[in-house]
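Novice: I'd like to ask some things about the structure below.
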Amino acid sequence: MAKGHRSQIKRERNAQKDTRPSAKLSYARVSVQKACFVLDAIRGKDVETALGIVTYNPRYASTLIKKLLESAIANAENNNQMDRDNLYVAECYANKGPTMKRVKPRAQGRAYRIEKRMSHITIVLDEK
């Protein structure tokens, strides 16, 4: 059991909160593996380079990540008053989301399960 009054516990929890600008896309219809190919390419890069990478990347996940990256940049400029030129991708990761299960008919009356995977993609920016 936690010690202290409820408001004190909330105050302590909010003091430990990460204040870096970020953006999160939940329930993206792309698997974690496929999203990580693009995320690995932009991790640690400055935002202009990262935008260039995702713009010309042929993968489907790059279109989702480009929109998410632009949202994180807008959050940094509007909410945290950060300069766009000093921003870089501090963290980016994809977590497993729920899986939609579908059935595909096969030969001789069998049915095979098809799993359509989803992911939760997060991008965190920081200043140099």
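Ordered as shown in the structure tokens, chains take letters A, B, and onward, while each chain numbers its residues from 1 and ligands are numbered from 1 in the order shown.
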With a cut-off of 12 Å, could you pull out the residues of stretch 53-125 of chain A touching stretch 2-23 of chain A and give me the nearest pair of atoms for each, distance in Å to one decimal, using only C-alpha atoms, ordered by chain and ascending number, as a tab-separated table?
Specialist:
residue	atom	partner	partner_atom	distance
A:Leu64	CA	A:Ala23	CA	11.8
A:Ile65	CA	A:Ala23	CA	10.1
A:Lys66	CA	A:Ala23	CA	11.3
A:Lys67	CA	A:Ala23	CA	9.8
A:Leu68	CA	A:Ala23	CA	6.2
A:Leu69	CA	A:Ala23	CA	7.3
A:Glu70	CA	A:Ala23	CA	9.0
A:Ser71	CA	A:Ala23	CA	6.3
A:Ala72	CA	A:Ala23	CA	4.8
A:Ile73	CA	A:Pro21	CA	7.8
A:Ala74	CA	A:Pro21	CA	9.0
A:Asn75	CA	A:Pro21	CA	6.1
A:Ala76	CA	A:Pro21	CA	5.1
A:Glu77	CA	A:Pro21	CA	8.9
A:Asn78	CA	A:Pro21	CA	9.9
A:Asn79	CA	A:Pro21	CA	7.9
A:Asn80	CA	A:Pro21	CA	7.1
A:Gln81	CA	A:Pro21	CA	10.1
A:Met82	CA	A:Pro21	CA	9.1
A:Asp83	CA	A:Pro21	CA	11.9
A:Arg84	CA	A:Pro21	CA	11.7
A:Leu87	CA	A:Pro21	CA	9.9
A:Tyr88	CA	A:Pro21	CA	10.7
A:Val89	CA	A:Ser22	CA	9.6
A:Ala90	CA	A:Arg20	CA	9.2
A:Glu91	CA	A:Ser22	CA	9.1
A:Cys92	CA	A:Ser22	CA	9.4
A:Tyr93	CA	A:Ala23	CA	11.2
A:His120	CA	A:Ala23	CA	10.7
A:Ile121	CA	A:Ala23	CA	8.4
A:Thr122	CA	A:Ala23	CA	5.9
A:Ile123	CA	A:Ala23	CA	5.5
A:Val124	CA	A:Ser22	CA	4.3
A:Leu125	CA	A:Pro21	CA	5.6
Novice: What are the DSSP strand (DSSP E) residues of chain A, as a PyMOL selection string?
Specialist: chain A and resi 22-28+87-105+111-127
Novice: Would you mind reading off the distance between atom CA of A:Thr55 and atom CA of A:Ala41, one decimal, in Å?
Specialist: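 Between atom CA of A:Thr55 and atom CA of A:Ala41 the gap works out to 12.1 Å.
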Novice: Quick one: DSSP alpha helix (DSSP H) residues in chain A, as JSON, numbers by chain?
Specialist: {"A": [6, 7, 8, 9, 10, 11, 12, 13, 14, 15, 32, 33, 34, 35, 36, 37, 38, 39, 40, 41, 42, 47, 48, 49, 50, 51, 52, 53, 54, 55, 60, 61, 62, 63, 64, 65, 66, 67, 68, 69, 70, 71, 72, 73, 74, 75, 76, 77, 78, 79]}
Novice: Report, in Å to a single decimal, how far apart atom CA of A:Ala61 and atom CA of A:Tyr27 are.
Specialist: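 Separating atom CA of A:Tyr27 from atom CA of A:Ala61 is a distance of 12.7 Å.
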Novice: Distance atom CA of A:Ile42-atom CA of A:Ser119, one decimal place?
Specialist: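 Rounded to one decimal, the two atoms are 17.8 Å apart.
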